file start39.cif (mmCIF, C-alpha atoms)
data_entry
loop_
_atom_site.group_PDB
_atom_site.id
_atom_site.type_symbol
_atom_site.label_atom_id
_atom_site.label_comp_id
_atom_site.auth_asym_id
_atom_site.auth_seq_id
_atom_site.Cartn_x
_atom_site.Cartn_y
_atom_site.Cartn_z
ATOM 1 C CA MET A 22 -6.614 2.668 8.963
ATOM 2 C CA ASN A 23 -3.927 0.136 9.802
ATOM 3 C CA PRO A 24 -0.674 -0.724 7.995
ATOM 4 C CA ILE A 25 -1.324 -3.057 5.051
ATOM 5 C CA LEU A 26 0.947 -5.984 4.205
ATOM 6 C CA LEU A 27 1.375 -5.978 0.421
ATOM 7 C CA PRO A 28 1.993 -9.012 -1.773
ATOM 8 C CA SER A 29 4.457 -8.842 -4.640
ATOM 9 C CA ASN A 30 3.311 -6.775 -7.646
ATOM 10 C CA ARG A 31 5.542 -7.697 -10.569
ATOM 11 C CA PRO A 32 4.698 -6.631 -14.112
ATOM 12 C CA ALA A 33 5.381 -9.536 -16.469
ATOM 13 C CA GLU A 34 7.625 -9.655 -19.520
ATOM 14 C CA ARG A 35 9.752 -6.595 -18.883
ATOM 15 C CA PHE A 36 12.440 -5.933 -21.457
ATOM 16 C CA TYR A 37 15.337 -7.130 -19.291
ATOM 17 C CA ARG A 38 15.975 -10.270 -17.262
ATOM 18 C CA GLY A 39 15.759 -10.652 -13.491
ATOM 19 C CA GLY A 40 13.520 -11.512 -10.592
ATOM 20 C CA ALA A 41 15.132 -14.395 -8.716
ATOM 21 C CA ARG A 42 16.758 -12.080 -6.162
ATOM 22 C CA ILE A 43 13.423 -10.411 -5.434
ATOM 23 C CA SER A 44 11.872 -13.824 -4.811
ATOM 24 C CA ALA A 45 14.715 -14.771 -2.478
ATOM 25 C CA PHE A 46 14.512 -11.450 -0.621
ATOM 26 C CA ARG A 47 10.762 -11.836 -0.177
ATOM 27 C CA GLY A 48 10.983 -15.531 0.736
ATOM 28 C CA ALA A 49 8.841 -16.467 -2.275
ATOM 29 C CA LEU A 50 9.065 -19.542 -4.473
ATOM 30 C CA GLY A 51 10.283 -19.210 -8.048
ATOM 31 C CA SER A 52 10.014 -16.345 -10.501
ATOM 32 C CA ALA A 53 9.538 -15.799 -14.204
ATOM 33 C CA PRO A 54 12.733 -14.831 -16.055
ATOM 34 C CA ARG A 55 11.499 -11.333 -16.935
ATOM 35 C CA GLU A 56 9.861 -10.086 -13.728
ATOM 36 C CA PRO A 57 12.758 -7.969 -12.438
ATOM 37 C CA GLU A 58 10.666 -5.278 -10.709
ATOM 38 C CA ASP A 59 8.252 -5.330 -7.776
ATOM 39 C CA TRP A 60 6.117 -2.161 -7.875
ATOM 40 C CA ILE A 61 5.239 -1.402 -4.255
ATOM 41 C CA ALA A 62 2.247 0.776 -3.326
ATOM 42 C CA SER A 63 2.008 1.806 -6.958
ATOM 43 C CA THR A 64 -0.442 4.349 -8.350
ATOM 44 C CA THR A 65 1.619 4.333 -11.569
ATOM 45 C CA THR A 66 1.232 2.227 -14.707
ATOM 46 C CA VAL A 67 3.814 0.824 -17.092
ATOM 47 C CA HIS A 68 4.368 3.320 -19.909
ATOM 48 C CA GLY A 69 1.728 2.828 -22.559
ATOM 49 C CA GLU A 70 -0.395 0.455 -20.457
ATOM 50 C CA PRO A 71 -3.704 1.498 -18.846
ATOM 51 C CA ASP A 72 -3.574 -0.781 -15.790
ATOM 52 C CA VAL A 73 -0.306 -2.763 -15.588
ATOM 53 C CA GLY A 74 1.719 -1.825 -12.525
ATOM 54 C CA LEU A 75 -1.103 -0.610 -10.285
ATOM 55 C CA THR A 76 -1.268 -1.983 -6.739
ATOM 56 C CA THR A 77 -4.451 -3.790 -5.731
ATOM 57 C CA LEU A 78 -5.282 -3.742 -2.020
ATOM 58 C CA PRO A 79 -6.343 -6.899 -0.112
ATOM 59 C CA ASP A 80 -9.974 -5.704 -0.203
ATOM 60 C CA GLY A 81 -9.899 -5.695 -4.016
ATOM 61 C CA ARG A 82 -9.707 -1.924 -4.525
ATOM 62 C CA VAL A 83 -7.023 -0.372 -6.688
ATOM 63 C CA LEU A 84 -4.812 1.783 -4.452
ATOM 64 C CA ARG A 85 -5.022 4.755 -6.827
ATOM 65 C CA ASP A 86 -8.820 4.731 -6.572
ATOM 66 C CA ALA A 87 -8.803 4.272 -2.798
ATOM 67 C CA ILE A 88 -6.540 7.291 -2.331
ATOM 68 C CA GLU A 89 -8.661 9.435 -4.637
ATOM 69 C CA GLN A 90 -11.742 8.527 -2.576
ATOM 70 C CA ASP A 91 -10.180 9.540 0.767
ATOM 71 C CA PRO A 92 -6.896 11.365 0.187
ATOM 72 C CA VAL A 93 -6.611 12.923 3.655
ATOM 73 C CA ALA A 94 -6.833 9.566 5.446
ATOM 74 C CA TRP A 95 -4.147 8.141 3.184
ATOM 75 C CA LEU A 96 -1.818 11.088 2.656
ATOM 76 C CA GLY A 97 -2.510 13.553 5.462
ATOM 77 C CA GLU A 98 -3.936 17.071 5.448
ATOM 78 C CA ASP A 99 -0.705 18.927 4.699
ATOM 79 C CA HIS A 100 0.163 16.685 1.752
ATOM 80 C CA VAL A 101 -3.329 16.975 0.262
ATOM 81 C CA ALA A 102 -3.370 20.750 0.722
ATOM 82 C CA ARG A 103 -0.225 21.027 -1.384
ATOM 83 C CA TRP A 104 -0.490 18.142 -3.888
ATOM 84 C CA GLY A 105 -4.006 16.739 -3.747
ATOM 85 C CA ALA A 106 -4.316 12.956 -4.167
ATOM 86 C CA ASP A 107 -0.909 12.633 -5.873
ATOM 87 C CA THR A 108 1.274 10.325 -3.743
ATOM 88 C CA ARG A 109 4.445 11.829 -5.294
ATOM 89 C CA LEU A 110 6.150 8.438 -4.858
ATOM 90 C CA LEU A 111 6.740 5.055 -6.478
ATOM 91 C CA VAL A 112 8.806 2.414 -4.690
ATOM 92 C CA LYS A 113 10.275 -0.648 -6.393
ATOM 93 C CA LEU A 114 12.449 -3.628 -5.715
ATOM 94 C CA LEU A 115 14.678 -4.123 -8.757
ATOM 95 C CA ASP A 116 16.794 -7.171 -9.601
ATOM 96 C CA ALA A 117 19.210 -6.638 -12.478
ATOM 97 C CA GLY A 118 19.441 -10.127 -13.951
ATOM 98 C CA GLN A 119 21.495 -8.513 -16.701
ATOM 99 C CA ARG A 120 23.132 -5.138 -17.059
ATOM 100 C CA LEU A 121 20.478 -2.560 -17.804
ATOM 101 C CA PRO A 122 20.888 -0.330 -20.871
ATOM 102 C CA VAL A 123 22.423 3.118 -20.741
ATOM 103 C CA HIS A 124 19.463 5.438 -20.292
ATOM 104 C CA ALA A 125 18.177 8.603 -18.635
ATOM 105 C CA HIS A 126 14.886 10.045 -17.437
ATOM 106 C CA PRO A 127 13.397 13.488 -18.159
ATOM 107 C CA HIS A 128 12.980 16.261 -15.605
ATOM 108 C CA ASP A 129 9.636 17.775 -14.608
ATOM 109 C CA ASP A 130 9.640 20.676 -17.057
ATOM 110 C CA PHE A 131 10.555 18.487 -20.018
ATOM 111 C CA ALA A 132 7.931 15.880 -19.093
ATOM 112 C CA ALA A 133 5.237 18.521 -18.731
ATOM 113 C CA THR A 134 6.125 20.381 -21.928
ATOM 114 C CA HIS A 135 6.731 17.465 -24.275
ATOM 115 C CA LEU A 136 4.818 14.562 -22.739
ATOM 116 C CA GLY A 137 1.978 16.168 -20.819
ATOM 117 C CA ARG A 138 2.995 14.310 -17.663
ATOM 118 C CA ALA A 139 2.726 15.545 -14.090
ATOM 119 C CA HIS A 140 6.279 14.487 -13.202
ATOM 120 C CA GLY A 141 9.628 13.675 -14.643
ATOM 121 C CA LYS A 142 11.585 10.855 -13.092
ATOM 122 C CA ALA A 143 14.201 11.495 -10.465
ATOM 123 C CA GLU A 144 15.220 8.287 -8.706
ATOM 124 C CA ALA A 145 17.476 6.955 -5.968
ATOM 125 C CA TRP A 146 18.665 3.449 -5.100
ATOM 126 C CA TYR A 147 19.340 1.823 -1.761
ATOM 127 C CA ILE A 148 21.614 -1.141 -2.490
ATOM 128 C CA LEU A 149 20.496 -4.444 -0.964
ATOM 129 C CA GLN A 150 23.000 -6.670 -2.807
ATOM 130 C CA GLY A 151 26.014 -5.038 -4.389
ATOM 131 C CA GLY A 152 27.817 -5.067 -7.691
ATOM 132 C CA THR A 153 28.655 -2.399 -10.248
ATOM 133 C CA VAL A 154 26.704 0.658 -11.361
ATOM 134 C CA HIS A 155 27.469 3.119 -14.127
ATOM 135 C CA ILE A 156 26.486 6.758 -13.629
ATOM 136 C CA GLY A 157 27.435 10.217 -14.858
ATOM 137 C CA LEU A 158 29.649 11.161 -17.784
ATOM 138 C CA ARG A 159 33.422 10.989 -17.436
ATOM 139 C CA GLN A 160 33.786 13.784 -19.985
ATOM 140 C CA ASP A 161 31.572 16.339 -21.682
ATOM 141 C CA VAL A 162 29.751 15.024 -24.758
ATOM 142 C CA GLU A 163 28.396 16.967 -27.724
ATOM 143 C CA ALA A 164 24.763 16.343 -28.610
ATOM 144 C CA ALA A 165 25.632 15.372 -32.189
ATOM 145 C CA ASP A 166 28.236 12.862 -31.001
ATOM 146 C CA LEU A 167 25.829 11.279 -28.527
ATOM 147 C CA ALA A 168 23.126 11.056 -31.196
ATOM 148 C CA ALA A 169 25.596 9.350 -33.536
ATOM 149 C CA LEU A 170 26.447 6.728 -30.912
ATOM 150 C CA VAL A 171 22.752 6.033 -30.427
ATOM 151 C CA GLU A 172 22.111 5.805 -34.161
ATOM 152 C CA ARG A 173 24.829 3.221 -34.714
ATOM 153 C CA GLN A 174 24.085 1.495 -31.388
ATOM 154 C CA ASP A 175 27.668 1.600 -30.152
ATOM 155 C CA ALA A 176 26.907 0.119 -26.731
ATOM 156 C CA THR A 177 30.557 -0.332 -25.769
ATOM 157 C CA THR A 178 31.380 3.335 -26.295
ATOM 158 C CA LEU A 179 28.155 4.497 -24.639
ATOM 159 C CA LEU A 180 28.862 2.486 -21.499
ATOM 160 C CA GLY A 181 32.491 3.611 -21.523
ATOM 161 C CA LEU A 182 31.380 7.234 -21.315
ATOM 162 C CA LEU A 183 30.096 6.630 -17.791
ATOM 163 C CA HIS A 184 31.833 6.339 -14.439
ATOM 164 C CA GLU A 185 31.909 2.728 -13.238
ATOM 165 C CA VAL A 186 31.411 2.409 -9.474
ATOM 166 C CA ASP A 187 31.382 -0.638 -7.210
ATOM 167 C CA VAL A 188 28.560 -0.540 -4.661
ATOM 168 C CA ALA A 189 27.813 -2.660 -1.598
ATOM 169 C CA ALA A 190 24.784 -3.292 0.595
ATOM 170 C CA GLY A 191 23.915 -0.084 2.451
ATOM 171 C CA ASP A 192 25.196 2.245 -0.260
ATOM 172 C CA VAL A 193 22.862 4.753 -1.888
ATOM 173 C CA VAL A 194 22.905 6.167 -5.411
ATOM 174 C CA TRP A 195 21.155 9.439 -6.240
ATOM 175 C CA VAL A 196 20.139 9.701 -9.912
ATOM 176 C CA PRO A 197 18.959 13.224 -10.805
ATOM 177 C CA PRO A 198 16.721 13.662 -13.847
ATOM 178 C CA GLY A 199 18.745 13.692 -17.053
ATOM 179 C CA GLU A 200 21.657 11.712 -15.595
ATOM 180 C CA LEU A 201 22.870 8.845 -17.781
ATOM 181 C CA HIS A 202 23.109 5.579 -15.871
ATOM 182 C CA ALA A 203 22.978 1.791 -16.038
ATOM 183 C CA ILE A 204 22.671 -0.811 -13.267
ATOM 184 C CA GLY A 205 25.105 -3.713 -13.482
ATOM 185 C CA ALA A 206 24.119 -7.378 -13.513
ATOM 186 C CA GLY A 207 23.592 -8.931 -10.085
ATOM 187 C CA VAL A 208 22.566 -5.780 -8.230
ATOM 188 C CA LEU A 209 19.425 -5.914 -6.062
ATOM 189 C CA LEU A 210 18.143 -2.556 -4.919
ATOM 190 C CA LEU A 211 15.259 -0.643 -3.446
ATOM 191 C CA GLU A 212 14.340 2.222 -5.757
ATOM 192 C CA LEU A 213 12.496 5.399 -4.864
ATOM 193 C CA GLN A 214 11.308 7.470 -7.794
ATOM 194 C CA GLN A 215 8.813 9.972 -8.992
ATOM 195 C CA PRO A 216 5.615 8.154 -10.003
ATOM 196 C CA GLU A 217 6.214 7.902 -13.752
ATOM 197 C CA ASP A 218 7.569 5.249 -16.146
ATOM 198 C CA LEU A 219 9.558 7.431 -18.558
ATOM 199 C CA SER A 220 12.906 6.246 -19.896
ATOM 200 C CA ILE A 221 15.050 7.523 -22.751
ATOM 201 C CA LEU A 222 16.997 4.478 -23.978
ATOM 202 C CA LEU A 223 20.352 5.020 -25.648
ATOM 203 C CA GLU A 224 20.983 1.325 -26.326
ATOM 204 C CA TRP A 225 18.785 -1.716 -26.796
ATOM 205 C CA GLY A 226 20.654 -4.388 -28.775
ATOM 206 C CA ASP A 227 20.712 -6.998 -25.985
ATOM 207 C CA PHE A 228 17.222 -6.266 -24.682
ATOM 208 C CA ALA A 229 13.707 -7.403 -25.555
ATOM 209 C CA ILE A 230 12.513 -4.001 -26.706
ATOM 210 C CA ASP A 231 12.282 -2.058 -29.966
ATOM 211 C CA GLY A 232 14.319 0.871 -28.745
ATOM 212 C CA ALA A 233 14.337 2.554 -32.152
ATOM 213 C CA ALA A 234 10.542 2.814 -31.908
ATOM 214 C CA VAL A 235 9.938 3.458 -28.207
ATOM 215 C CA GLY A 236 13.266 4.515 -26.709
ATOM 216 C CA HIS A 237 12.603 8.200 -27.434
ATOM 217 C CA LEU A 238 9.134 8.283 -25.749
ATOM 218 C CA GLY A 239 7.511 9.083 -29.084
ATOM 219 C CA LEU A 240 9.431 12.322 -29.441
ATOM 220 C CA GLY A 241 12.215 11.282 -31.794
ATOM 221 C CA PHE A 242 15.771 11.061 -30.500
ATOM 222 C CA ASP A 243 16.720 14.605 -31.492
ATOM 223 C CA ARG A 244 14.159 15.971 -29.046
ATOM 224 C CA ALA A 245 14.423 13.227 -26.408
ATOM 225 C CA LEU A 246 18.191 13.551 -26.070
ATOM 226 C CA ALA A 247 17.719 17.224 -25.169
ATOM 227 C CA ALA A 248 16.588 15.946 -21.753
ATOM 228 C CA VAL A 249 19.942 14.207 -21.166
ATOM 229 C CA THR A 250 22.742 15.808 -19.137
ATOM 230 C CA MET A 251 25.841 16.020 -21.360
ATOM 231 C CA THR A 252 28.324 17.566 -18.950
ATOM 232 C CA ALA A 253 30.921 15.545 -17.083
ATOM 233 C CA ARG A 254 30.769 14.601 -13.429
ATOM 234 C CA SER A 255 33.908 15.303 -11.402
ATOM 235 C CA ALA A 256 35.131 13.091 -8.566
ATOM 236 C CA ALA A 257 33.434 15.460 -6.111
ATOM 237 C CA ASP A 258 30.200 15.282 -8.103
ATOM 238 C CA LEU A 259 30.380 11.504 -8.115
ATOM 239 C CA ALA A 260 30.825 11.419 -4.339
ATOM 240 C CA ALA A 261 27.556 13.345 -4.040
ATOM 241 C CA LEU A 262 25.790 10.780 -6.219
ATOM 242 C CA VAL A 263 27.157 7.575 -4.665
ATOM 243 C CA SER A 264 27.648 7.287 -0.911
ATOM 244 C CA THR A 265 27.092 5.026 2.082
ATOM 245 C CA ALA A 266 23.899 5.565 4.041
ATOM 246 C CA PRO A 267 24.241 6.405 7.749
ATOM 247 C CA GLY A 268 23.270 3.603 10.109
ATOM 248 C CA SER A 269 20.060 5.420 11.041
ATOM 249 C CA GLY A 270 18.047 8.413 9.938
ATOM 250 C CA ALA A 271 17.950 10.042 6.505
ATOM 251 C CA ALA A 272 19.613 7.747 3.963
ATOM 252 C CA LEU A 273 19.615 9.921 0.833
ATOM 253 C CA PRO A 274 21.502 13.130 0.042
ATOM 254 C CA ALA A 275 19.661 16.388 0.649
ATOM 255 C CA ALA A 276 19.314 16.960 -3.112
ATOM 256 C CA ALA A 277 16.724 14.162 -3.205
ATOM 257 C CA ASP A 278 14.482 15.712 -0.544
ATOM 258 C CA GLU A 279 12.357 17.691 -3.017
ATOM 259 C CA TYR A 280 11.379 14.403 -4.678
ATOM 260 C CA PHE A 281 11.224 11.751 -1.929
ATOM 261 C CA ARG A 282 12.786 10.668 1.366
ATOM 262 C CA LEU A 283 14.210 7.424 2.757
ATOM 263 C CA GLU A 284 14.869 6.663 6.419
ATOM 264 C CA ARG A 285 16.923 3.805 7.794
ATOM 265 C CA VAL A 286 15.440 2.597 11.090
ATOM 266 C CA PRO A 287 17.399 0.020 13.093
ATOM 267 C CA VAL A 288 15.233 -2.068 15.421
ATOM 268 C CA ARG A 289 17.043 -3.315 18.509
ATOM 269 C CA GLY A 290 14.252 -4.125 20.905
ATOM 270 C CA ALA A 291 11.950 -1.194 20.153
ATOM 271 C CA ALA A 292 11.662 1.662 17.689
ATOM 272 C CA THR A 293 9.084 4.107 16.350
ATOM 273 C CA VAL A 294 8.157 5.016 12.786
ATOM 274 C CA ASP A 295 6.821 8.561 12.695
ATOM 275 C CA ARG A 296 3.356 9.298 11.390
ATOM 276 C CA GLY A 297 2.866 9.862 7.661
ATOM 277 C CA PHE A 298 2.121 8.074 4.421
ATOM 278 C CA SER A 299 4.982 5.670 3.809
ATOM 279 C CA VAL A 300 6.178 2.354 2.434
ATOM 280 C CA VAL A 301 7.999 0.296 5.054
ATOM 281 C CA ILE A 302 10.325 -2.524 4.006
ATOM 282 C CA VAL A 303 11.768 -4.964 6.521
ATOM 283 C CA SER A 304 15.271 -5.069 5.050
ATOM 284 C CA ALA A 305 16.877 -7.392 7.611
ATOM 285 C CA GLY A 306 15.928 -9.564 10.576
ATOM 286 C CA GLU A 307 12.319 -9.355 11.621
ATOM 287 C CA ALA A 308 10.085 -6.726 13.134
ATOM 288 C CA ALA A 309 6.679 -6.635 14.786
ATOM 289 C CA VAL A 310 4.748 -3.592 13.577
ATOM 290 C CA ASP A 311 1.837 -2.714 15.851
ATOM 291 C CA GLY A 312 1.980 -6.244 17.236
ATOM 292 C CA LYS A 313 2.127 -8.146 13.916
ATOM 293 C CA ASN A 314 5.397 -9.907 13.155
ATOM 294 C CA HIS A 315 7.001 -9.469 9.730
ATOM 295 C CA PRO A 316 10.163 -11.194 8.423
ATOM 296 C CA ALA A 317 12.773 -9.671 6.143
ATOM 297 C CA GLY A 318 11.384 -8.946 2.701
ATOM 298 C CA SER A 319 7.968 -7.835 3.972
ATOM 299 C CA THR A 320 6.568 -4.637 2.489
ATOM 300 C CA LEU A 321 3.973 -2.560 4.312
ATOM 301 C CA LEU A 322 1.859 0.321 3.069
ATOM 302 C CA VAL A 323 1.214 2.800 5.879
ATOM 303 C CA PRO A 324 -1.598 5.387 5.549
ATOM 304 C CA ASP A 325 -1.174 8.692 7.363
ATOM 305 C CA SER A 326 -4.222 7.867 9.487
ATOM 306 C CA ALA A 327 -2.430 4.845 10.956
ATOM 307 C CA GLY A 328 -0.458 7.297 13.085
ATOM 308 C CA ALA A 329 2.987 6.583 14.504
ATOM 309 C CA LEU A 330 3.969 2.904 14.492
ATOM 310 C CA ASP A 331 5.408 1.040 17.461
ATOM 311 C CA VAL A 332 7.972 -1.507 16.302
ATOM 312 C CA THR A 333 9.717 -4.273 18.221
ATOM 313 C CA GLY A 334 12.159 -6.973 17.212
ATOM 314 C CA ASP A 335 15.690 -7.321 15.939
ATOM 315 C CA GLY A 336 16.180 -6.066 12.425
ATOM 316 C CA GLU A 337 16.067 -3.022 10.202
ATOM 317 C CA LEU A 338 13.395 -1.039 8.398
ATOM 318 C CA LEU A 339 13.654 1.144 5.319
ATOM 319 C CA VAL A 340 10.920 3.797 5.334
ATOM 320 C CA ALA A 341 10.180 5.469 2.001
ATOM 321 C CA ARG A 342 8.153 8.688 2.001
ATOM 322 C CA PRO A 343 7.047 11.431 -0.375
ATOM 323 C CA PRO A 344 8.712 14.841 -0.047
ATOM 324 C CA ALA A 345 7.750 16.831 3.016
ATOM 325 C CA ALA A 346 4.718 19.031 2.386
#

call {"tool": "encode", "arguments": {"input": "start39.cif", "output": "structure tokens"}}
result
Amino acid sequence: MNPILLPSNRPAERFYRGGARISAFRGALGSAPREPEDWIASTTTVHGEPDVGLTTLPDGRVLRDAIEQDPVAWLGEDHVARWGADTRLLVKLLDAGQRLPVHAHPHDDFAATHLGRAHGKAEAWYILQGGTVHIGLRQDVEAADLAALVERQDATTLLGLLHEVDVAAGDVVWVPPGELHAIGAGVLLLELQQPEDLSILLEWGDFAIDGAAVGHLGLGFDRALAAVTMTARSAADLAALVSTAPGSGAALPAAADEYFRLERVPVRGAATVDRGFSVVIVSAGEAAVDGKNHPAGSTLLVPDSAGALDVTGDGELLVARPPAA
């Protein structure tokens, strides 16, 4: 199989605003006001929806079904031997048209025990256009105190509990499961995550969502908040969560490797993308992949059976991959 150029895949009417920066990055015309996420090579659906979010291939097949029909060709023998037809990866472009709410995602054990899901939701962000992010507690918080803030929807205090960090293009943010976080307005990022849509919302007043009903994933907040990390992050901890990616090679901290990987590949004349299932984003300039030219904003789905890719041009690629088998 050959690399596949993917069109935008943007679930409509998300609960927060955004989308214009994704359109500009992709060179597309216009956008709806609540299409802030582009789900790339997705075998995952929006929480509570049977089909929304899934990627459809140019031949009309749903990617999830195509992989299940021939997992080795798509994912490789080693991957399939360990994980079967599970891609272990969801990639998104995300445009925060407004500050996102303070929230967290459950870890694998919690998701399996309480939600019957195969994964929790670790995530990491590669910043394409900078701004402010909020991540990690500045001080320890008691469970009862956090629950009280949620109950009275004290958004100002909730946000103030978190470290506020300015980020620029080329920075990366590692968000372990359980970590409280919020993306500031104006940030455009590439997100790698486990393939689930599971969020525990601590605030929802300025968002188009009934957080009191759905923010606890159907568990009730007493149980859902047990998945949230309530210990403070020191300056050293914060430096491990927010950093600047090297100019080439592995972009994320080693702690993310068990969940997913991201490589930064500069293209100055010629380069090679190693074999393996991956999502390739042309993040700057332009690049010809196996002889086909792609401008910045292009997203390619690469099956394992495509082999190593020869790349020429003048630009940069971001290569998202599952964890190593």

call {"tool": "closest_atom_pairs", "arguments": {"input": "start39.cif", "of": "segment 101-216 of chain A", "to": "segment 221-226 of chain A", "cutoff": "6 Å", "atoms": "all atoms listed in the file", "output": "Markdown table"}}
result
| residue | atom | partner | partner_atom | distance |
| --- | --- | --- | --- | --- |
| A:Pro122 | CA | A:Glu224 | CA | 5.7 |
| A:Val123 | CA | A:Leu223 | CA | 5.7 |
| A:His124 | CA | A:Leu222 | CA | 4.5 |
| A:Ala125 | CA | A:Ile221 | CA | 5.3 |
| A:His126 | CA | A:Ile221 | CA | 5.9 |
| A:Val171 | CA | A:Leu223 | CA | 5.4 |
| A:Gln174 | CA | A:Glu224 | CA | 5.9 |

call {"tool": "residues_around", "arguments": {"input": "start39.cif", "residues": "Arg85 of chain A", "least_positions_apart": "5", "cutoff": "10 Å", "atoms": "only C-alpha atoms", "output": "list in words"}}
result
Ala62, Ser63, Thr64, Thr65, Leu75, Thr76, Thr77, Leu78, Gln90, Pro92, Ala106, Asp107 and Thr108 of chain A

call {"tool": "residues_around", "arguments": {"input": "start39.cif", "residues": "segment 50-57 of chain A", "least_positions_apart": "3", "cutoff": "6 Å", "atoms": "only C-alpha atoms", "output": "list in words"}}
result
Arg31, Ala33, Glu34, Arg35, Arg38, Gly39, Gly40, Ala41, Leu115 and Asp116 of chain A

call {"tool": "closest_residue", "arguments": {"input": "start39.cif", "among": "A:Val208, A:Ala143, A:Met22, A:Leu338", "to": "Ser269 of chain A", "atoms": "only C-alpha atoms"}}
result
A:Leu338

call {"tool": "resolve_selection", "arguments": {"input": "start39.cif", "expression": "the PyMOL selection byres ((chain A and resi 109-114) around 7)", "output": "PyMOL selection string"}}
result
chain A and resi 43+58-63+107-108+115-116+210-216+281+343

call {"tool": "atom_distance", "arguments": {"input": "start39.cif", "atom1": "atom CA of Pro127 of chain A", "atom2": "atom CA of Leu182 of chain A"}}
result
19.3 Å

call {"tool": "axis_aligned_box", "arguments": {"input": "start39.cif", "around": "segment 305-318 of chain A", "padding_each_side": "6 Å", "output": "lines of an AutoDock Vina configuration file"}}
result
center_x = 9.4
center_y = -7.0
center_z = 10.0
size_x = 27.0
size_y = 20.5
size_z = 26.5

call {"tool": "atom_distance", "arguments": {"input": "start39.cif", "atom1": "atom CA of Pro267 of chain A", "atom2": "atom CA of Asp187 of chain A"}}
result
18.0 Å

call {"tool": "atom_distance", "arguments": {"input": "start39.cif", "atom1": "atom CA of Val300 of chain A", "atom2": "atom CA of Asp129 of chain A"}}
result
23.2 Å

call {"tool": "decode", "arguments": {"input": "start39.cif", "residues": "segment 186-200 of chain A", "atoms": "N, CA and C atoms", "output": "compact mmCIF listing (two decimals), in the first residue's frame"}}
result
# COMPACT_ATOMS: atom_id res chain seq x y z
N VAL A 186 1.71 28.63 31.73
CA VAL A 186 2.98 28.56 31.00
C VAL A 186 2.79 29.11 29.60
N ASP A 187 3.67 30.01 29.19
CA ASP A 187 3.67 30.49 27.81
C ASP A 187 4.41 29.48 26.93
N VAL A 188 3.82 29.16 25.78
CA VAL A 188 4.43 28.21 24.86
C VAL A 188 4.53 28.84 23.48
N ALA A 189 5.52 28.39 22.71
CA ALA A 189 5.76 28.90 21.37
C ALA A 189 5.83 27.75 20.39
N ALA A 190 5.77 28.06 19.10
CA ALA A 190 5.87 27.02 18.08
C ALA A 190 7.14 26.20 18.28
N GLY A 191 6.99 24.88 18.24
CA GLY A 191 8.12 23.98 18.47
C GLY A 191 8.24 23.47 19.88
N ASP A 192 7.43 24.02 20.80
CA ASP A 192 7.40 23.48 22.16
C ASP A 192 6.52 22.24 22.20
N VAL A 193 6.75 21.40 23.19
CA VAL A 193 5.91 20.22 23.39
C VAL A 193 5.43 20.20 24.84
N VAL A 194 4.22 19.68 25.02
CA VAL A 194 3.62 19.57 26.35
C VAL A 194 3.17 18.12 26.53
N TRP A 195 3.69 17.48 27.56
CA TRP A 195 3.33 16.10 27.89
C TRP A 195 2.27 16.15 28.99
N VAL A 196 1.13 15.51 28.74
CA VAL A 196 0.00 15.53 29.67
C VAL A 196 -0.29 14.10 30.12
N PRO A 197 0.28 13.66 31.24
CA PRO A 197 0.01 12.30 31.70
C PRO A 197 -1.45 12.13 32.09
N PRO A 198 -1.96 10.91 32.08
CA PRO A 198 -3.32 10.69 32.56
C PRO A 198 -3.48 11.23 33.98
N GLY A 199 -4.64 11.83 34.23
CA GLY A 199 -4.93 12.38 35.55
C GLY A 199 -4.54 13.82 35.74
N GLU A 200 -3.66 14.34 34.87
CA GLU A 200 -3.12 15.69 35.05
C GLU A 200 -4.15 16.75 34.66
